[in-house]
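Next comes entry26.txt, with compact mmCIF, C-alpha atoms and all ligand atoms.
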# COMPACT_ATOMS: atom_id res chain seq x y z
CA MET K 26 -8.55 -0.08 -6.93
CA SER K 27 -5.58 -0.73 -4.74
CA GLY K 28 -3.72 -3.48 -2.91
CA ILE K 29 -1.32 -4.29 -0.10
CA ARG K 30 1.21 -7.13 -0.08
CA PRO K 31 0.91 -9.71 2.71
CA THR K 32 4.62 -9.71 3.44
CA GLY K 33 4.40 -8.65 7.08
CA PHE K 34 2.35 -6.65 9.54
CA LEU K 35 0.78 -3.44 8.31
CA HIS K 36 2.29 -0.21 9.58
CA LEU K 37 1.50 3.48 9.81
CA GLY K 38 2.75 4.02 6.24
CA ASN K 39 0.25 1.54 4.89
CA TYR K 40 -2.45 3.15 7.00
CA PHE K 41 -1.86 6.80 6.07
CA GLY K 42 -0.63 6.14 2.52
CA ALA K 43 -3.31 3.65 1.57
CA LEU K 44 -5.93 2.41 4.06
CA ARG K 45 -7.15 5.81 5.22
CA ASN K 46 -7.99 6.68 1.64
CA TYR K 47 -9.67 3.33 1.01
CA VAL K 48 -12.01 3.98 3.91
CA ARG K 49 -12.85 7.48 2.70
CA MET K 50 -13.46 6.26 -0.85
CA GLN K 51 -15.82 3.43 0.00
CA ASP K 52 -18.93 5.59 0.26
CA ALA K 53 -18.34 7.58 -2.90
CA TYR K 54 -16.95 5.05 -5.41
CA THR K 55 -17.18 1.45 -6.58
CA CYS K 56 -14.07 0.07 -4.91
CA TYR K 57 -11.84 -2.98 -5.34
CA PHE K 58 -9.23 -3.58 -2.66
CA MET K 59 -7.09 -6.67 -2.54
CA VAL K 60 -4.43 -8.51 -0.63
CA ALA K 61 -1.65 -8.79 -3.19
CA ASP K 62 -0.56 -12.35 -2.42
CA LEU K 63 0.83 -13.01 -5.93
CA HIS K 64 3.03 -9.93 -5.67
CA ALA K 65 4.33 -11.29 -2.37
CA LEU K 66 5.65 -14.37 -4.19
CA THR K 67 8.22 -12.22 -6.01
CA THR K 68 10.15 -11.65 -2.78
CA LEU K 69 9.18 -14.45 -0.38
CA ASN K 70 11.66 -17.28 -0.06
CA GLU K 71 9.20 -19.44 1.78
CA THR K 72 5.43 -19.25 2.01
CA LYS K 73 4.73 -20.82 5.41
CA GLY K 74 3.67 -17.52 6.95
CA LEU K 75 1.54 -16.44 4.00
CA LYS K 76 -1.80 -17.68 5.32
CA GLN K 77 -1.38 -15.83 8.61
CA HIS K 78 -0.29 -12.66 6.84
CA VAL K 79 -3.15 -12.72 4.36
CA ARG K 80 -5.64 -13.12 7.21
CA ARG K 81 -3.93 -10.39 9.19
CA VAL K 82 -3.98 -7.92 6.28
CA LEU K 83 -7.67 -8.62 5.65
CA ALA K 84 -8.43 -8.18 9.36
CA GLU K 85 -6.43 -4.94 9.52
CA ASN K 86 -8.21 -3.57 6.46
CA ILE K 87 -11.55 -4.19 8.12
CA ALA K 88 -10.40 -3.00 11.56
CA SER K 89 -9.29 0.27 9.93
CA GLY K 90 -12.86 0.86 8.81
CA LEU K 91 -13.26 -0.89 5.47
CA ASP K 92 -16.69 -2.48 5.07
CA PRO K 93 -16.58 -5.70 2.99
CA ASP K 94 -20.27 -5.24 2.18
CA LYS K 95 -19.58 -1.88 0.54
CA VAL K 96 -16.38 -2.74 -1.33
CA ALA K 97 -14.90 -5.80 -3.02
CA LEU K 98 -12.21 -6.91 -0.55
CA TYR K 99 -10.46 -9.93 -2.00
CA CYS K 100 -7.27 -11.95 -2.42
CA GLN K 101 -5.45 -11.44 -5.69
CA SER K 102 -4.96 -15.19 -6.26
CA HIS K 103 -8.71 -15.78 -5.95
CA VAL K 104 -9.22 -13.84 -9.17
CA PRO K 105 -7.46 -15.86 -11.90
CA GLU K 106 -8.48 -13.30 -14.53
CA THR K 107 -5.62 -11.22 -13.08
CA SER K 108 -3.10 -13.69 -14.45
CA GLU K 109 -4.80 -13.74 -17.85
CA LEU K 110 -4.61 -9.98 -18.24
CA TYR K 111 -1.04 -10.02 -16.88
CA LEU K 112 -0.11 -12.35 -19.75
CA PHE K 113 -1.72 -10.08 -22.35
CA LEU K 114 0.06 -7.04 -20.94
CA ASN K 115 3.41 -8.84 -20.84
CA MET K 116 3.29 -8.85 -24.64
CA LEU K 117 3.38 -5.05 -24.51
CA ALA K 118 6.12 -4.74 -21.89
CA TYR K 119 9.77 -4.44 -22.87
CA LYS K 120 12.70 -5.88 -20.99
CA GLY K 121 14.70 -2.65 -21.21
CA GLU K 122 12.03 -0.45 -19.68
CA LEU K 123 11.31 -2.96 -16.89
CA GLU K 124 14.99 -3.19 -16.01
CA LYS K 125 15.09 0.59 -15.63
CA THR K 126 12.29 0.71 -13.03
CA PRO K 127 13.87 2.04 -9.78
CA THR K 128 11.96 -0.46 -7.58
CA PHE K 129 13.39 -3.32 -9.68
CA LYS K 130 16.91 -1.98 -9.22
CA ASP K 131 16.31 -1.70 -5.45
CA LYS K 132 15.08 -5.26 -5.25
CA VAL K 133 18.00 -6.59 -7.25
CA ARG K 134 20.22 -4.97 -4.62
CA LEU K 135 18.19 -6.51 -1.80
CA GLN K 136 17.95 -10.05 -3.19
CA PRO K 137 20.79 -10.54 -5.70
CA ASN K 138 20.35 -14.31 -5.60
CA ASN K 139 16.67 -14.25 -6.52
CA VAL K 140 16.26 -11.92 -9.48
CA ASN K 141 13.30 -13.83 -10.90
CA ALA K 142 11.21 -12.85 -13.91
CA GLY K 143 8.27 -12.08 -11.61
CA LEU K 144 10.36 -9.40 -9.96
CA LEU K 145 11.14 -7.85 -13.33
CA THR K 146 7.50 -7.90 -14.44
CA TYR K 147 6.12 -6.68 -11.09
CA PRO K 148 4.90 -3.42 -12.68
CA VAL K 149 3.06 -5.43 -15.35
CA LEU K 150 1.21 -7.45 -12.72
CA MET K 151 0.40 -4.25 -10.90
CA ALA K 152 -0.96 -2.74 -14.11
CA ALA K 153 -3.06 -5.90 -14.60
CA ASP K 154 -4.52 -5.53 -11.08
CA ILE K 155 -5.62 -1.99 -11.82
CA LEU K 156 -6.72 -2.36 -15.44
CA LEU K 157 -8.66 -5.51 -14.55
CA HIS K 158 -11.40 -3.29 -13.14
CA ARG K 159 -10.74 -0.48 -15.59
CA ALA K 160 -10.06 1.61 -12.52
CA THR K 161 -9.27 5.31 -12.77
CA LEU K 162 -8.32 6.18 -9.19
CA VAL K 163 -5.66 4.27 -7.32
CA PRO K 164 -5.16 5.25 -3.67
CA VAL K 165 -1.47 4.63 -2.95
CA GLY K 166 1.43 6.18 -1.09
CA LYS K 167 4.06 8.32 -2.78
CA ASP K 168 6.40 5.35 -3.30
CA GLN K 169 4.00 3.94 -5.91
CA GLU K 170 3.76 7.01 -8.14
CA GLN K 171 6.13 5.60 -10.73
CA HIS K 172 4.31 2.28 -10.99
CA LEU K 173 1.15 4.20 -11.75
CA GLU K 174 2.90 5.94 -14.60
CA ILE K 175 3.81 2.53 -16.00
CA ALA K 176 0.20 1.31 -15.63
CA ARG K 177 -0.97 4.39 -17.55
CA ASP K 178 1.54 3.60 -20.30
CA PHE K 179 0.30 0.04 -20.64
CA ALA K 180 -3.33 1.18 -20.78
CA GLY K 181 -2.49 3.59 -23.60
CA ARG K 182 -0.27 1.09 -25.40
CA PHE K 183 -2.96 -1.60 -25.33
CA ASN K 184 -5.63 0.77 -26.64
CA LYS K 185 -3.32 1.97 -29.41
CA ARG K 186 -2.01 -1.44 -30.44
CA TYR K 187 -5.46 -3.00 -30.67
CA GLU K 188 -7.23 0.18 -31.79
CA ARG K 189 -9.91 0.12 -29.13
CA GLU K 190 -10.42 2.22 -25.99
CA VAL K 191 -10.61 -0.68 -23.55
CA PHE K 192 -8.70 0.87 -20.66
CA PRO K 193 -9.08 4.33 -19.11
CA GLU K 194 -5.92 5.93 -17.67
CA PRO K 195 -5.43 5.23 -13.95
CA PHE K 196 -4.06 7.90 -11.60
CA ALA K 197 -2.59 7.79 -8.09
CA PHE K 198 -5.14 9.22 -5.72
CA ASN K 199 -5.14 10.83 -2.32
CA PHE K 200 -7.82 12.77 -0.52
CA GLY K 201 -6.17 16.10 0.14
CA GLU K 202 -3.34 17.36 -2.00
CA GLU K 203 -0.12 15.40 -1.82
CA LEU K 204 0.57 11.69 -1.86
CA VAL K 205 1.79 10.63 1.56
CA LYS K 206 5.17 9.25 2.62
CA VAL K 207 5.31 8.24 6.26
CA PRO K 208 8.97 8.51 7.36
CA SER K 209 10.74 5.91 9.46
CA LEU K 210 11.79 6.69 13.04
CA ASP K 211 15.50 6.37 12.34
CA GLY K 212 15.52 9.56 10.28
CA ALA K 213 16.15 7.75 6.98
CA GLY K 214 13.74 6.38 4.40
CA LYS K 215 10.13 5.32 4.87
CA MET K 216 8.38 2.99 7.27
CA SER K 217 8.12 -0.41 5.63
CA LYS K 218 6.94 -3.92 6.44
CA SER K 219 10.22 -5.72 6.71
CA GLU K 220 13.23 -3.48 6.36
CA ASN K 221 13.56 -1.45 9.56
CA GLN K 222 11.34 -2.98 12.21
CA MET K 223 12.48 -0.89 15.20
CA ALA K 224 11.93 2.30 13.17
CA THR K 225 8.47 1.29 11.93
CA ILE K 226 5.26 1.38 13.95
CA TYR K 227 2.97 -1.54 13.18
CA LEU K 228 -0.79 -1.60 13.63
CA ALA K 229 -0.16 -4.78 15.66
CA ASP K 230 2.34 -3.18 18.09
CA ASP K 231 1.29 -3.21 21.74
CA ASP K 232 1.25 0.02 23.74
CA ASP K 233 4.65 -0.49 25.36
CA THR K 234 6.35 -1.40 22.09
CA ILE K 235 5.01 1.80 20.53
CA ARG K 236 6.31 3.86 23.47
CA LYS K 237 9.68 2.14 23.33
CA LYS K 238 10.12 2.68 19.58
CA ILE K 239 9.23 6.35 19.79
CA LYS K 240 11.54 6.90 22.72
CA LYS K 241 14.39 5.59 20.56
CA ALA K 242 13.47 7.74 17.54
CA LYS K 243 16.38 9.75 16.22
CA THR K 244 16.59 13.42 17.21
CA GLU K 245 19.43 15.93 17.03
CA SER K 246 20.09 19.18 18.79
CA VAL K 247 19.62 22.27 16.67
CA ALA K 248 21.81 25.31 17.23
CA ASP K 249 19.91 27.64 14.92
CA PRO K 250 16.11 27.13 14.67
CA ALA K 251 16.04 29.47 11.65
CA ALA K 252 18.23 27.07 9.64
CA PRO K 253 16.51 24.28 7.65
CA MET K 254 15.07 21.67 10.04
CA PRO K 255 17.07 18.40 10.15
CA ALA K 256 15.24 15.45 8.55
CA SER K 257 14.90 13.50 11.80
CA ILE K 258 13.09 16.41 13.49
CA GLU K 259 10.94 17.11 10.47
CA ASN K 260 9.94 13.45 10.52
CA LEU K 261 8.90 13.69 14.16
CA PHE K 262 6.73 16.70 13.36
CA GLN K 263 5.23 14.87 10.41
CA LEU K 264 4.30 11.93 12.62
CA LEU K 265 2.95 14.26 15.29
CA LYS K 266 0.64 15.81 12.69
CA LEU K 267 -0.79 12.41 11.82
CA VAL K 268 -1.99 11.48 15.29
CA CYS K 269 -2.08 14.61 17.50
CA THR K 270 -4.31 17.68 17.43
CA PRO K 271 -3.20 20.85 15.59
CA ASP K 272 -2.85 22.59 18.99
CA VAL K 273 -0.24 20.12 20.12
CA VAL K 274 1.66 20.40 16.83
CA SER K 275 1.64 24.24 16.99
CA LYS K 276 2.86 24.23 20.58
CA PHE K 277 5.92 22.12 19.73
CA HIS K 278 6.55 24.16 16.58
CA ALA K 279 6.55 27.35 18.61
CA ASP K 280 8.90 25.76 21.16
CA TYR K 281 11.20 24.66 18.31
CA GLN K 282 11.29 28.18 16.87
CA ALA K 283 12.07 29.59 20.32
CA GLY K 284 14.85 27.06 20.77
CA THR K 285 13.18 25.66 23.92
CA VAL K 286 11.71 22.44 22.51
CA ARG K 287 12.12 19.35 24.72
CA TYR K 288 12.27 16.29 22.51
CA GLY K 289 11.50 14.01 25.46
CA ASP K 290 8.14 15.77 25.95
CA MET K 291 7.46 15.81 22.24
CA LYS K 292 8.11 12.09 22.00
CA SER K 293 5.88 11.32 25.01
CA GLU K 294 3.06 13.28 23.42
CA LEU K 295 3.63 11.52 20.11
CA ALA K 296 3.75 8.10 21.80
CA GLU K 297 0.44 8.68 23.60
CA GLY K 298 -1.15 9.92 20.35
CA MET K 299 0.03 6.77 18.58
CA VAL K 300 -1.15 4.48 21.37
CA SER K 301 -4.67 5.94 21.34
CA PHE K 302 -4.77 5.76 17.58
CA ILE K 303 -3.46 2.20 17.19
CA ALA K 304 -4.91 0.32 20.20
CA PRO K 305 -8.53 0.15 18.94
CA ILE K 306 -7.43 -0.98 15.45
CA ARG K 307 -5.12 -3.63 16.92
CA GLU K 308 -7.79 -5.01 19.24
CA LYS K 309 -10.43 -5.18 16.52
CA ALA K 310 -8.01 -6.80 14.05
CA GLU K 311 -7.12 -9.50 16.58
CA GLN K 312 -10.77 -10.37 17.01
CA ILE K 313 -11.44 -10.53 13.26
CA GLN K 314 -8.31 -12.52 12.52
CA ASN K 315 -9.52 -15.35 14.74
CA ASP K 316 -13.00 -15.49 13.22
CA ASP K 317 -12.60 -18.21 10.58
CA SER K 318 -16.12 -18.30 9.23
CA TYR K 319 -16.34 -14.52 8.93
CA LEU K 320 -13.01 -14.27 7.08
CA LYS K 321 -14.03 -17.08 4.72
CA LYS K 322 -17.26 -15.23 3.95
CA VAL K 323 -15.39 -11.98 3.35
CA MET K 324 -12.94 -13.66 0.94
CA GLU K 325 -15.63 -15.51 -1.00
CA GLN K 326 -17.87 -12.49 -1.30
CA GLY K 327 -14.95 -10.27 -2.33
CA ALA K 328 -13.70 -12.72 -4.96
CA ALA K 329 -17.19 -13.05 -6.46
CA LYS K 330 -17.52 -9.26 -6.84
CA ALA K 331 -14.01 -8.91 -8.25
CA ARG K 332 -14.41 -11.79 -10.70
CA ALA K 333 -17.67 -10.37 -12.04
CA SER K 334 -15.92 -7.11 -12.90
CA ALA K 335 -12.77 -8.89 -14.14
CA ALA K 336 -14.67 -11.23 -16.48
CA VAL K 337 -16.17 -8.28 -18.35
CA THR K 338 -12.76 -6.64 -18.79
CA VAL K 339 -11.01 -9.82 -19.94
CA GLU K 340 -13.75 -10.37 -22.51
CA LEU K 341 -13.30 -6.81 -23.80
CA ALA K 342 -9.54 -7.29 -23.95
CA LYS K 343 -9.88 -10.57 -25.86
CA GLU K 344 -12.25 -9.01 -28.35
CA ALA K 345 -9.86 -6.12 -28.89
CA ILE K 346 -6.86 -8.43 -29.38
CA GLY K 347 -8.83 -10.68 -31.72
CA LEU K 348 -8.92 -13.78 -29.57
CA ILE K 349 -12.61 -14.54 -30.12
CA TYR K 350 -12.95 -17.17 -32.86
CA TYR K 351 -16.63 -18.12 -32.88
P1 LIG Q 401 5.41 -2.12 2.04
O1 LIG Q 401 6.30 -1.14 1.32
O2 LIG Q 401 5.30 -1.81 3.49
O3 LIG Q 401 5.69 -3.57 1.76
P2 LIG Q 401 3.27 -2.31 0.12
O4 LIG Q 401 4.29 -2.31 -0.96
O5 LIG Q 401 2.45 -3.52 0.33
O6 LIG Q 401 3.94 -1.86 1.49
O7 LIG Q 401 2.34 -1.06 -0.12
C1 LIG Q 401 0.99 -0.99 0.31
C2 LIG Q 401 0.52 0.44 0.26
O8 LIG Q 401 1.07 1.17 1.35
C3 LIG Q 401 0.93 1.19 -1.01
O9 LIG Q 401 -0.15 2.02 -1.41
C4 LIG Q 401 2.09 2.01 -0.57
O10 LIG Q 401 2.22 3.21 -1.33
C5 LIG Q 401 1.70 2.35 0.86
N1 LIG Q 401 2.89 2.62 1.69
C6 LIG Q 401 3.84 1.73 2.10
N2 LIG Q 401 4.76 2.33 2.88
C7 LIG Q 401 4.40 3.64 2.97
C8 LIG Q 401 4.92 4.78 3.67
N3 LIG Q 401 5.99 4.70 4.47
N4 LIG Q 401 4.28 5.96 3.53
C9 LIG Q 401 3.16 6.08 2.77
N5 LIG Q 401 2.60 5.04 2.11
C10 LIG Q 401 3.20 3.83 2.21
Rewrite the structure of this file - the entire thing - as structure tokens.
Amino acid sequence: MSGIRPTGFLHLGNYFGALRNYVRMQDAYTCYFMVADLHALTTLNETKGLKQHVRRVLAENIASGLDPDKVALYCQSHVPETSELYLFLNMLAYKGELEKTPTFKDKVRLQPNNVNAGLLTYPVLMAADILLHRATLVPVGKDQEQHLEIARDFAGRFNKRYEREVFPEPFAFNFGEELVKVPSLDGAGKMSKSENQMATIYLADDDDTIRKKIKKAKTESVADPAAPMPASIENLFQLLKLVCTPDVVSKFHADYQAGTVRYGDMKSELAEGMVSFIAPIREKAEQIQNDDSYLKKVMEQGAAKARASAAVTVELAKEAIGLIYY
């Protein structure tokens, strides 16, 4: 189970942190993937763009290789059981612990005039999303590790409080070893939907925009290649690894070690790798996004699958709590 917020265009971080794993998981597991539109409400000041963003995220999920016939691909708000479980879990969540969550502190800094209760209980809603399907594996990027720990806590707390093993423990999941963090092009932080648009590569970016952004990526000259690599250069190598062949990566590594690396060449290679990777996804997503009847079918079919699974869980939760009276 996993989800992506419809707060902007998807980017390489969403792809390599989340989507790539979704696609690999779909043949081996029962999967639930959603567009987290309720989560988006915690930070959106106005909702006019929501419809377009939800459709775009769905289209980009499918264009990246997700098959709505194999998985449940749905919108969070189409599954009202989410809100029911969220309410139950809120009874087990404490103000103090929620206030300490680093993502809450970050958001308070970003939107000091809109510190709403939804923002505070974001991790509870996220736990509800996951526990709703009694999911065990949650494909997410590294930035979500802490939220997963909170979801595990709630699962354990619920089971203990109501003395029934309703929820298994969910874990962050990535094919391969490490959870992924795709760095931003300005040498600081991660790529993200809204914060640093010139330093983030979107799946919707056209070829020239991609080239332009990479050309502007931060680099710095290195006097001693044996010293630790500066973050901006390490980031470029990390991005190169994502979209270019190992040969290309080794060549630039060797050049770096020899002190002869030309960042202009490295960036051109990276830009062309990105363009060939993104163009087919962008084109397919555009097509899907304009296909009203197909998207409606995808959403309805996804919600039906998700609600079937959710209804069973909510019933189990109610029984455990003692909310069944006849
Ligand atoms: P954003 O931070 O761009 O708004 P979301 O919060 O909707 O993205 O996260 C959707 C998924 O994408 C999550 O699994 C998250 O871990 C992953 N993700 C987002 N940014 C990155 C990044 N730069 N590197 C790796 N994974 C990321």
>> I'd like the neighbourhood of Val268 in chain K as a PyMOL selection string, where a residue qualifies if any of its atoms comes within 8 Å (using all atoms listed in the file), though same-chain residues fewer than 6 positions away should be ignored.
In response: chain K and resi 295+298-299+302
Compile a residue-level contact table for range 46-77 of chain K against range 158-170 of chain K at a cut-off of 8 Å, reporting for every qualifying residue the shortest atom pair and its distance in Å to one decimal, with all atoms listed in the file counted, rows ordered by chain and ascending number, as CSV.
residue,atom,partner,partner_atom,distance
K:Asn46,CA,K:Pro164,CA,6.2
K:Tyr47,CA,K:Pro164,CA,6.8
K:Tyr57,CA,K:His158,CA,7.8
> Taking all atoms listed in the file into account, which residues are within 10 Å of ligand LIG 401 (chain Q), as a count of residues only?
Replying inline: 52
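Closest approach to Ala53 in chain K among K:Ile346, K:Phe192, K:Phe200, K:Arg134 is made by K:Phe200 (distances from all atoms listed in the file).
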> Neighbours of Ser108 in chain K within 10 Å (all atoms listed in the file; same-chain residues fewer than 6 positions away dropped), as a ChimeraX atom specification?
Replying inline: /K:63,101-102,114,150,153-154,157
> How far is it from CA of Thr234 in chain K to CA of Arg287 in chain K, in Å with one decimal?
Replying inline: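 Computing it gives 21.7 Å between the two atoms.
Between Asp316 in chain K and the candidates K:Arg80, K:Lys238, K:Arg177, K:Lys95, the tightest atom-to-atom separation, counting all atoms listed in the file, involves K:Arg80.
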> What's the 7 Å shell around range 323-327 of chain K, counting all atoms listed in the file, without same-chain residues fewer than 6 positions away, as a PyMOL selection string?
Replying inline: chain K and resi 93+97-100
>> Applying 9 Å and only C-alpha atoms, which residues near Glu311 in chain K remain after dropping the ones on its own chain fewer than 6 positions away? List them as a VMD selection string.
In response: chain K and resid 81 84 to 85 88 229
